[in-house]
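Scroll down for the structure; my scribbles are underneath it.
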Amino acid sequence: MIAQDRWLLIDDDTAFLQILQRALSRQGIDATATHCHSEALHALEDQVFRKCVLDLNLAGESGLQLLPELLAKQPDLDILVLTGYGSIATAVEAMRRGAVNYLCKPVTVHQLLCGFEALTKTPELREEPPSVEEMEWEHIQRVLNEHDGNVSATARVLHMHRRTLQRKLQKHSRWRN
């Protein structure tokens, strides 16, 4: 199989990986599923991949930290970052580190394929400005990202009680799911 047909999937959710791998197989795409940082790097030593779907949160590990390591091993790899907790701050950071696109879960195979194809298209802009709640969420995500996901350090910088920040993060994750 040529590298163009081979994808690397990195996600800690086994059920999601199995479903995605089967769905890609039906599209004629050979996909290798990995569950963590070390498995993904090991897979890159054995095979050449053209595309990679990388989860942002890998059971406590950051997909953002793994991203440059993947590109160091295979510089031509197109990496699409997936997350259940999307924010502009993490999207910008993913792109800065070399991702070609960033999508929020849940996604279909069609959306993934379009996510890789969208590299040549101009994105549509919103007509209305973000709400105060959206701006607050973006600011929290930016500071959280600057502190490598450390909630206590983020709360100190934001002059917010740690539990208050945890409640905001948990509340927003319910909106997304």
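Letters for chains follow the order of the structure tokens (A, B, ...), residue numbers begin at 1 for each chain, and ligand numbers begin at 1 in the order shown.
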>> So that I can see what lies close to Gly60 in chain A, please list as a list in words the residues with an atom at most 12 Å from it, counting only C-alpha atoms and leaving out residues fewer than 4 positions away in the same chain.
In response: Asp11, Asp12, His35, Cys36, His37, Asp55, Leu56, Leu64, Gln65, Asp148, Gly149 and Asn150 of chain A
>> Can you pull out the residues contacting Val92 in chain A? Cut-off 12 Å, using only C-alpha atoms, and skip same-chain residues under 2 positions away; I want them as number ranges by chain.
In response: A: 64, 81, 86-90, 94-103, 138, 141-142, 145
> Can you list, as JSON, numbers by chain, every residue of range 11-149 of chain A that DSSP puts in alpha helix (DSSP H)?
Replying inline: {"A": [14, 15, 16, 17, 18, 19, 20, 21, 22, 23, 24, 25, 26, 37, 38, 39, 40, 41, 42, 43, 44, 45, 46, 63, 64, 65, 66, 67, 68, 69, 70, 71, 72, 73, 88, 89, 90, 91, 92, 93, 94, 95, 96, 109, 110, 111, 112, 113, 114, 115, 116, 117, 132, 133, 134, 135, 136, 137, 138, 139, 140, 141, 142, 143, 144, 145, 146]}
> Restricting the calculation to only C-alpha atoms, which member of A:Leu169, A:Ala72, A:Leu113, A:Leu82 is positioned closest to Trp137 in chain A?
Replying inline: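 With only C-alpha atoms as the atom set, the closest residue is A:Leu169.
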> Hey, can you check how far CA of Val151 in chain A sits from CA of Glu133 in chain A?
Replying inline: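 So the two atoms, CA of Val151 in chain A and CA of Glu133 in chain A, lie 18.9 Å apart.
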> Which one of A:Pro106, A:Pro75, A:Gly115, A:Gly63 sits closest to Phe16 in chain A if you count only C-alpha atoms?
Replying inline: A:Pro106
> Between A:Thr32, A:Gln27, A:Thr164, A:Ser131, which one has atoms that come closest to Val48 in chain A, using only C-alpha atoms?
Replying inline: A:Thr32
> What does the distance from CA of Leu24 in chain A to CA of Lys51 in chain A come to in Å, to one decimal?
Replying inline: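 Spanning CA of Leu24 in chain A to CA of Lys51 in chain A is a straight-line distance of 12.0 Å.
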> Pick the closest to Ala23 in chain A from A:Ile140, A:Met135, A:Val107, A:Leu158: which is it, counting only C-alpha atoms?
Replying inline: A:Val107
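With only C-alpha atoms as the basis for measurement, A:Trp7 is the residue among A:Trp7, A:Tyr85, A:Phe49, A:Phe116 that approaches Gln21 in chain A most closely.
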>> Give me, as a PyMOL selection string, the residues of range 35-124 of chain A that a backbone DSSP run labels strand (DSSP E).
In response: chain A and resi 51-55+57-58+61-62+78-83+101-104
> Counting only C-alpha atoms, which of A:Arg163, A:Lys73, A:His110, A:Arg22 gets nearest to Gln47 in chain A?
Replying inline: A:Lys73
